[in-house]
file query.cif (mmCIF, C-alpha atoms)
data_work
#
loop_
_atom_site.label_atom_id
_atom_site.label_comp_id
_atom_site.auth_asym_id
_atom_site.auth_seq_id
_atom_site.Cartn_x
_atom_site.Cartn_y
_atom_site.Cartn_z
CA MET M 273 -40.53 -38.59 71.47
CA MET M 274 -36.73 -38.86 71.41
CA THR M 275 -36.97 -41.53 68.77
CA LYS M 276 -39.00 -39.29 66.46
CA TRP M 277 -36.54 -36.41 66.94
CA MET M 278 -33.56 -38.62 66.10
CA ALA M 279 -35.37 -39.99 63.08
CA GLY M 280 -36.07 -36.42 61.85
CA ALA M 281 -32.46 -35.35 62.42
CA ALA M 282 -31.19 -38.41 60.60
CA LEU M 283 -33.54 -37.67 57.68
CA ALA M 284 -32.32 -34.05 57.56
CA LEU M 285 -28.71 -35.24 57.60
CA VAL M 286 -29.39 -37.64 54.77
CA VAL M 287 -30.98 -34.84 52.70
CA ALA M 288 -28.29 -32.28 53.58
CA THR M 289 -25.27 -34.46 52.86
CA PRO M 290 -25.74 -34.72 49.04
CA ALA M 291 -26.68 -31.06 48.84
CA ALA M 292 -23.61 -30.04 50.82
CA ALA M 293 -21.39 -32.17 48.58
CA GLN M 294 -22.96 -30.57 45.50
CA ILE M 295 -22.39 -27.07 46.91
CA GLU M 296 -18.81 -27.91 47.81
CA GLY M 297 -18.20 -28.99 44.20
CA ARG M 298 -19.68 -25.76 42.85
CA VAL M 299 -17.63 -23.67 45.27
CA GLY M 300 -14.46 -25.53 44.23
CA LYS M 301 -15.26 -24.83 40.58
CA LEU M 302 -15.88 -21.17 41.40
CA GLU M 303 -12.55 -20.89 43.14
CA ALA M 304 -10.76 -22.40 40.13
CA GLU M 305 -12.53 -19.98 37.76
CA MET M 306 -11.74 -17.07 40.05
CA ARG M 307 -8.05 -17.97 39.96
CA ALA M 308 -8.21 -18.12 36.15
CA VAL M 309 -9.81 -14.67 36.06
CA GLN M 310 -7.16 -13.38 38.48
CA ARG M 311 -4.44 -14.61 36.12
CA LYS M 312 -6.06 -12.72 33.22
CA VAL M 313 -6.59 -9.51 35.16
CA PHE M 314 -3.30 -9.59 37.11
CA PRO M 315 -0.75 -11.47 34.95
CA GLY M 316 2.36 -11.81 37.02
CA GLY M 317 0.54 -10.30 39.99
CA ALA M 318 2.23 -12.63 42.47
CA GLY M 319 -1.04 -14.19 43.52
CA ALA M 320 -2.91 -10.91 44.05
CA MET M 321 -6.54 -11.55 44.77
CA VAL M 322 -9.60 -9.36 44.54
CA GLU M 323 -11.60 -9.18 47.72
CA PRO M 324 -15.10 -10.57 47.12
CA GLN M 325 -17.95 -8.09 47.23
CA ILE M 326 -20.16 -10.67 48.91
CA ALA M 327 -18.86 -11.39 52.40
CA PRO M 328 -20.10 -14.46 54.22
CA SER M 329 -22.56 -13.61 56.93
CA THR M 330 -22.76 -15.27 60.31
CA ALA M 331 -25.60 -17.72 59.98
CA PRO M 332 -27.79 -18.06 63.07
CA VAL M 333 -27.59 -21.32 64.90
CA ASP M 334 -30.64 -23.37 64.23
CA ALA M 335 -32.50 -24.63 67.19
CA ALA M 336 -31.95 -28.25 67.98
CA GLY M 337 -34.23 -30.55 66.09
CA VAL M 338 -34.87 -28.05 63.20
CA PRO M 339 -33.82 -29.43 59.80
CA ALA M 340 -31.00 -27.53 57.96
CA THR M 341 -32.88 -27.24 54.65
CA SER M 342 -33.38 -23.45 55.06
CA ALA M 343 -29.63 -22.78 55.46
CA LEU M 344 -28.80 -24.97 52.46
CA THR M 345 -31.31 -23.10 50.34
CA ASP M 346 -29.73 -19.76 51.35
CA ILE M 347 -26.19 -20.94 50.58
CA THR M 348 -27.30 -22.38 47.25
CA ALA M 349 -28.83 -19.05 46.26
CA ARG M 350 -25.67 -17.18 47.23
CA VAL M 351 -23.45 -19.58 45.26
CA THR M 352 -25.74 -19.23 42.21
CA SER M 353 -25.48 -15.42 42.46
CA LEU M 354 -21.69 -15.67 42.68
CA GLU M 355 -21.59 -17.91 39.61
CA GLN M 356 -23.64 -15.38 37.64
CA GLN M 357 -21.32 -12.55 38.66
CA MET M 358 -18.32 -14.66 37.69
CA ALA M 359 -19.80 -15.35 34.25
CA SER M 360 -20.52 -11.63 33.76
CA MET M 361 -16.96 -10.67 34.80
CA THR M 362 -15.44 -13.24 32.47
CA GLY M 363 -17.55 -11.93 29.55
CA GLN M 364 -16.46 -8.35 30.22
CA ILE M 365 -12.80 -9.37 30.32
CA GLU M 366 -13.12 -11.18 26.98
CA GLN M 367 -14.84 -8.16 25.38
CA THR M 368 -12.09 -5.86 26.67
CA GLN M 369 -9.38 -8.14 25.29
CA TYR M 370 -11.15 -8.28 21.90
CA LYS M 371 -11.36 -4.48 21.71
CA LEU M 372 -7.70 -4.23 22.68
CA ARG M 373 -6.74 -6.60 19.84
CA GLN M 374 -8.78 -4.47 17.43
CA LEU M 375 -6.98 -1.31 18.56
CA GLU M 376 -3.61 -2.99 18.17
CA GLN M 377 -4.50 -4.10 14.62
CA GLN M 378 -5.71 -0.61 13.67
CA PHE M 379 -2.51 0.91 15.00
CA GLU M 380 -0.40 -1.62 13.08
CA ASP M 381 -2.30 -0.83 9.84
CA TYR M 382 -1.80 2.90 10.42
CA ARG M 383 1.93 2.38 11.05
CA LYS M 384 2.36 0.39 7.85
CA ALA M 385 0.49 2.99 5.79
CA THR M 386 2.60 5.79 7.27
CA ASP M 387 5.85 3.90 6.63
CA ALA M 388 4.80 3.31 3.02
CA LYS M 389 4.20 7.03 2.48
CA LEU M 390 7.50 7.99 4.09
CA THR M 391 9.49 5.55 1.96
CA GLN M 392 8.07 6.73 -1.39
CA PRO M 393 10.92 8.08 -3.52
CA VAL M 394 10.99 11.81 -4.08
CA ALA M 395 11.57 12.94 -7.65
CA PRO M 396 15.03 14.52 -7.85
CA VAL M 397 15.34 18.13 -8.88
CA PRO M 398 17.11 18.39 -12.25
CA ALA M 399 20.62 19.73 -11.88
CA PRO M 400 21.58 22.92 -13.70
CA GLY M 401 22.36 22.14 -17.28
CA ALA M 402 19.92 19.24 -17.56
CA ASP M 403 17.43 19.29 -20.41
CA ALA M 404 13.66 19.37 -19.99
CA ALA M 405 13.51 15.56 -19.97
CA GLY M 406 15.76 15.35 -16.92
CA GLY M 407 18.70 13.76 -18.76
CA PRO M 408 22.08 15.26 -19.68
CA ASP M 409 22.37 18.17 -22.06
CA VAL M 410 21.76 17.00 -25.61
CA THR M 411 21.82 18.58 -28.99
CA VAL M 412 19.28 16.33 -30.68
CA PRO M 413 17.90 18.14 -33.72
CA GLN M 414 14.29 19.19 -33.38
CA ALA M 415 11.57 19.70 -35.94
CA PRO M 416 12.19 22.89 -37.88
CA GLU M 417 10.13 25.94 -37.15
CA PRO M 418 7.93 27.03 -40.04
CA VAL M 419 9.46 29.97 -41.87
CA ASN M 420 8.01 33.37 -40.95
CA SER M 421 5.56 31.88 -38.47
CA THR M 422 4.66 32.56 -34.86
CA PRO M 423 3.57 30.02 -32.19
CA ALA M 424 -0.01 31.18 -32.55
CA ALA M 425 -0.13 30.75 -36.31
CA ALA M 426 -1.76 27.64 -37.75
CA PRO M 427 0.81 25.69 -39.78
CA SER M 428 0.04 25.28 -43.45
CA SER M 429 2.54 23.58 -45.74
CA GLY M 430 0.24 21.88 -48.20
CA ASP M 431 1.19 18.49 -46.70
CA PRO M 432 -1.53 17.28 -44.26
CA ALA M 433 0.90 15.00 -42.39
CA GLU M 434 3.45 17.81 -42.04
CA ASP M 435 0.80 20.23 -40.85
CA ALA M 436 -0.59 17.72 -38.34
CA TYR M 437 2.86 17.04 -36.92
CA LEU M 438 3.73 20.73 -36.65
CA ALA M 439 0.43 21.30 -34.82
CA GLY M 440 1.44 18.68 -32.25
CA TYR M 441 4.94 20.17 -32.05
CA ARG M 442 3.53 23.61 -31.28
CA LEU M 443 1.30 22.19 -28.55
CA TRP M 444 4.33 20.46 -26.99
CA GLN M 445 6.35 23.66 -27.28
CA ALA M 446 3.55 25.50 -25.45
CA LYS M 447 3.71 22.79 -22.72
CA ASP M 448 0.12 21.74 -23.37
CA TYR M 449 1.19 18.13 -22.98
CA PRO M 450 -2.18 16.32 -22.98
CA ALA M 451 -3.27 18.09 -26.16
CA ALA M 452 0.13 17.53 -27.75
CA GLU M 453 0.05 13.82 -26.94
CA ALA M 454 -3.41 13.40 -28.46
CA GLN M 455 -2.33 15.23 -31.63
CA LEU M 456 0.92 13.27 -32.00
CA LYS M 457 -0.86 9.93 -31.55
CA LYS M 458 -3.25 11.00 -34.29
CA VAL M 459 -0.34 11.74 -36.62
CA VAL M 460 1.19 8.28 -36.09
CA ALA M 461 -2.16 6.52 -36.55
CA THR M 462 -3.19 8.52 -39.62
CA TYR M 463 0.15 8.77 -41.43
CA PRO M 464 2.22 5.70 -40.42
CA LYS M 465 4.11 5.70 -43.76
CA HIS M 466 5.05 9.38 -43.61
CA ARG M 467 8.53 10.39 -42.44
CA ARG M 468 6.91 12.52 -39.74
CA ALA M 469 5.51 9.39 -38.05
CA SER M 470 8.95 8.75 -36.56
CA PHE M 471 9.17 12.39 -35.45
CA ALA M 472 5.69 12.29 -33.91
CA GLN M 473 6.28 9.04 -32.00
CA ASN M 474 9.58 10.33 -30.63
CA LEU M 475 8.05 13.66 -29.61
CA LEU M 476 5.22 11.77 -27.93
CA GLY M 477 7.81 10.16 -25.67
CA ARG M 478 9.45 13.53 -25.05
CA SER M 479 6.08 14.96 -24.02
CA TYR M 480 5.55 12.15 -21.52
CA LEU M 481 9.02 12.75 -20.10
CA ASP M 482 8.39 16.47 -19.71
CA GLU M 483 5.07 15.69 -18.04
CA GLY M 484 6.82 13.46 -15.49
CA LYS M 485 5.58 10.14 -16.86
CA PRO M 486 8.75 8.11 -17.55
CA SER M 487 6.90 4.77 -17.75
CA LEU M 488 4.69 5.96 -20.62
CA ALA M 489 7.67 7.70 -22.18
CA SER M 490 9.70 4.48 -22.22
CA ILE M 491 6.86 2.69 -24.04
CA ALA M 492 6.56 5.46 -26.63
CA PHE M 493 10.31 5.48 -27.32
CA TYR M 494 10.50 1.70 -27.58
CA ASP M 495 7.51 1.65 -29.96
CA ASN M 496 9.25 4.17 -32.21
CA TYR M 497 12.37 2.00 -32.35
CA LYS M 498 10.39 -1.19 -33.09
CA LYS M 499 7.77 0.27 -35.47
CA PHE M 500 10.03 2.67 -37.34
CA PRO M 501 13.60 1.32 -36.99
CA ASP M 502 14.65 3.19 -40.13
CA GLY M 503 12.90 6.40 -39.08
CA GLU M 504 14.90 9.57 -38.63
CA ARG M 505 14.15 9.72 -34.92
CA ALA M 506 14.74 6.03 -34.08
CA PRO M 507 18.28 6.68 -32.72
CA ASP M 508 17.01 9.62 -30.66
CA SER M 509 14.24 7.43 -29.24
CA LEU M 510 16.78 4.87 -28.05
CA PHE M 511 18.79 7.60 -26.36
CA TYR M 512 15.73 9.01 -24.61
CA LEU M 513 14.61 5.48 -23.73
CA GLY M 514 17.81 5.26 -21.71
CA THR M 515 16.93 8.57 -20.04
CA ALA M 516 13.47 7.26 -19.11
CA LEU M 517 14.95 4.07 -17.68
CA LEU M 518 17.34 6.08 -15.53
CA LYS M 519 14.38 8.01 -14.18
CA LEU M 520 12.78 4.65 -13.37
CA ASP M 521 15.94 3.71 -11.44
CA LYS M 522 16.99 1.03 -13.93
CA PRO M 523 20.58 1.96 -14.82
CA ALA M 524 21.50 -1.56 -15.94
CA ASP M 525 18.69 -1.56 -18.53
CA ALA M 526 19.67 1.95 -19.62
CA CYS M 527 23.22 0.73 -20.27
CA LYS M 528 21.84 -2.08 -22.46
CA VAL M 529 19.84 0.47 -24.46
CA TYR M 530 22.90 2.67 -24.98
CA GLY M 531 24.77 -0.42 -26.19
CA GLU M 532 21.92 -1.23 -28.60
CA LEU M 533 22.00 2.34 -29.89
CA THR M 534 25.71 2.16 -30.62
CA ASP M 535 25.53 -1.31 -32.19
CA VAL M 536 22.57 -0.59 -34.47
CA TYR M 537 23.09 3.05 -35.41
CA GLY M 538 26.82 3.53 -34.84
CA SER M 539 27.48 4.93 -38.30
CA LYS M 540 24.31 7.04 -38.35
CA ILE M 541 24.70 8.77 -35.00
CA SER M 542 25.57 12.43 -35.21
CA PRO M 543 28.66 13.65 -33.34
CA GLY M 544 26.48 15.56 -30.91
CA LEU M 545 24.39 12.48 -30.10
CA LYS M 546 27.55 10.40 -29.69
CA ALA M 547 28.81 12.87 -27.12
CA ASP M 548 25.46 12.76 -25.31
CA VAL M 549 25.53 8.95 -25.23
CA ALA M 550 29.04 9.01 -23.77
CA LYS M 551 27.88 11.40 -21.02
CA ALA M 552 24.85 9.25 -20.30
CA ARG M 553 26.92 6.07 -20.06
CA THR M 554 29.21 7.75 -17.58
CA ALA M 555 26.28 9.00 -15.51
CA ALA M 556 24.76 5.50 -15.50
CA LYS M 557 28.16 3.95 -14.62
CA CYS M 558 27.98 1.60 -17.57
CA LYS M 559 30.84 -0.85 -17.93
#
call {"tool": "encode", "arguments": {"input": "query.cif", "output": "structure tokens"}}
result
Amino acid sequence: MMTKWMAGAALALVVATPAAAQIEGRVGKLEAEMRAVQRKVFPGGAGAMVEPQIAPSTAPVDAAGVPATSALTDITARVTSLEQQMASMTGQIEQTQYKLRQLEQQFEDYRKATDAKLTQPVAPVPAPGADAAGGPDVTVPQAPEPVNSTPAAAPSSGDPAEDAYLAGYRLWQAKDYPAAEAQLKKVVATYPKHRRASFAQNLLGRSYLDEGKPSLASIAFYDNYKKFPDGERAPDSLFYLGTALLKLDKPADACKVYGELTDVYGSKISPGLKADVAKARTAAKCK
């Protein structure tokens, strides 16, 4: 009888020993993972630990001669449950960290967009005495008003090119800039050999300036200088090109344009325009 009992106990010990070693390995792994989770949840927490929700229970003492397989099964189930809870906790922590990174990125994008809006330059208010284009006072001659006419009257001179230009001039004078620009472009395209082509191209640039579009104005003025260098308004276009460049915050380029104006049209510049160029060079701090 004693021999059978010892044989059964020995068999139970043989079965329990590998299982116990396996459980001990799993518990050790769990403890390592728990410490890793603790470091994520409590960085710099001086070893703070979360009390486990599953407290070990006092296992009843098995009667002598009863194999320990039932206790091992119970411990194995509890360890498996703890592993599942650990995996769930780790997943939740990773999801929380991912959402936090998303929030940080959204905030950074919002901050950059706000900074960009706040740093956009504000258009300066023209000082008293400045002309409609925003540059210094000038006395550049304008297209003559038709004799005995009113702004509402349709121009009629017998010259289609003259009439077309005066129509665009009246639209600009009425501050209907989009309509004026369309009409003036039509004049340049339809009558490129007429003397009014230079007038129309220059006034096109003036219209863009008055409308607050210095980039388009600079292109229109430069085109007038290149396409119609001998035109009556080529010198004026160079002067206003400098004005547009100043509005674009390019004083160095404006100074080059004023130098080009003096070099190319020095003998053809009117005294009034010369005085305006001198004022502009001073304002641009040209050397």
call {"tool": "atom_distance", "arguments": {"input": "query.cif", "atom1": "atom CA of M:Lys457", "atom2": "atom CA of M:Leu476"}}
result
7.3 Å
call {"tool": "atom_distance", "arguments": {"input": "query.cif", "atom1": "atom CA of M:Ala304", "atom2": "atom CA of M:Gln374"}}
result
29.0 Å
call {"tool": "closest_residue", "arguments": {"input": "query.cif", "among": "M:Lys519, M:Lys540, M:Lys551, M:Arg468", "to": "M:Phe500", "atoms": "all atoms listed in the file"}}
result
M:Arg468
call {"tool": "resolve_selection", "arguments": {"input": "query.cif", "expression": "the PyMOL selection byres ((chain M and resi 527) around 10)", "output": "ChimeraX atom specification"}}
result
/M:514,517-518,522-526,528-533,549,552-554,556-559
call {"tool": "write_last_selection", "arguments": {"input": "query.cif", "atoms": "C-alpha atoms", "output": "compact mmCIF listing (two decimals), keeping the file's coordinate frame"}}
result
# COMPACT_ATOMS: atom_id res chain seq x y z
CA GLY M 514 17.81 5.26 -21.71
CA LEU M 517 14.95 4.07 -17.68
CA LEU M 518 17.34 6.08 -15.53
CA LYS M 522 16.99 1.03 -13.93
CA PRO M 523 20.58 1.96 -14.82
CA ALA M 524 21.50 -1.56 -15.94
CA ASP M 525 18.69 -1.56 -18.53
CA ALA M 526 19.67 1.95 -19.62
CA LYS M 528 21.84 -2.08 -22.46
CA VAL M 529 19.84 0.47 -24.46
CA TYR M 530 22.90 2.67 -24.98
CA GLY M 531 24.77 -0.42 -26.19
CA GLU M 532 21.92 -1.23 -28.60
CA LEU M 533 22.00 2.34 -29.89
CA VAL M 549 25.53 8.95 -25.23
CA ALA M 552 24.85 9.25 -20.30
CA ARG M 553 26.92 6.07 -20.06
CA THR M 554 29.21 7.75 -17.58
CA ALA M 556 24.76 5.50 -15.50
CA LYS M 557 28.16 3.95 -14.62
CA CYS M 558 27.98 1.60 -17.57
CA LYS M 559 30.84 -0.85 -17.93
call {"tool": "residues_around", "arguments": {"input": "query.cif", "residues": "stretch 442-451 of chain M", "least_positions_apart": "3", "cutoff": "8 Å", "atoms": "only C-alpha atoms", "output": "list of chain:residue names"}}
result
M:Pro423, M:Leu438, M:Ala439, M:Ala454, M:Gln455, M:Ser479, M:Tyr480, M:Glu483
call {"tool": "resolve_selection", "arguments": {"input": "query.cif", "expression": "the PyMOL selection byres ((chain M and resi 509) around 8)", "output": "VMD selection string"}}
result
chain M and resid 474 477 493 to 494 496 to 497 505 to 508 510 to 513
call {"tool": "atom_distance", "arguments": {"input": "query.cif", "atom1": "atom CA of M:His466", "atom2": "atom CA of M:Arg478"}}
result
19.5 Å
call {"tool": "axis_aligned_box", "arguments": {"input": "query.cif", "around": "stretch 362-371 of chain M", "padding_each_side": "3 Å", "output": "lines of an AutoDock Vina configuration file"}}
result
center_x = -13.5
center_y = -8.9
center_z = 27.1
size_x = 14.2
size_y = 14.8
size_z = 16.8
call {"tool": "residues_around", "arguments": {"input": "query.cif", "residues": "M:Leu302", "least_positions_apart": "6", "cutoff": "9 Å", "atoms": "all atoms listed in the file", "output": "PDB file with C-alpha atoms, in the coordinates of the input"}}
result
ATOM      1  CA  VAL M 351     -23.450 -19.580  45.260  1.00  0.00           C
ATOM      2  CA  LEU M 354     -21.690 -15.670  42.680  1.00  0.00           C
ATOM      3  CA  GLU M 355     -21.590 -17.910  39.610  1.00  0.00           C
ATOM      4  CA  MET M 358     -18.320 -14.660  37.690  1.00  0.00           C
TER       5      MET M 358
END
call {"tool": "closest_residue", "arguments": {"input": "query.cif", "among": "M:Lys485, M:Ile491, M:Lys371, M:Tyr463", "to": "M:Asp435", "atoms": "all atoms listed in the file"}}
result
M:Tyr463
call {"tool": "closest_residue", "arguments": {"input": "query.cif", "among": "M:Thr515, M:Gln473, M:Gln367, M:Thr345", "to": "M:Lys458", "atoms": "only C-alpha atoms"}}
result
M:Gln473
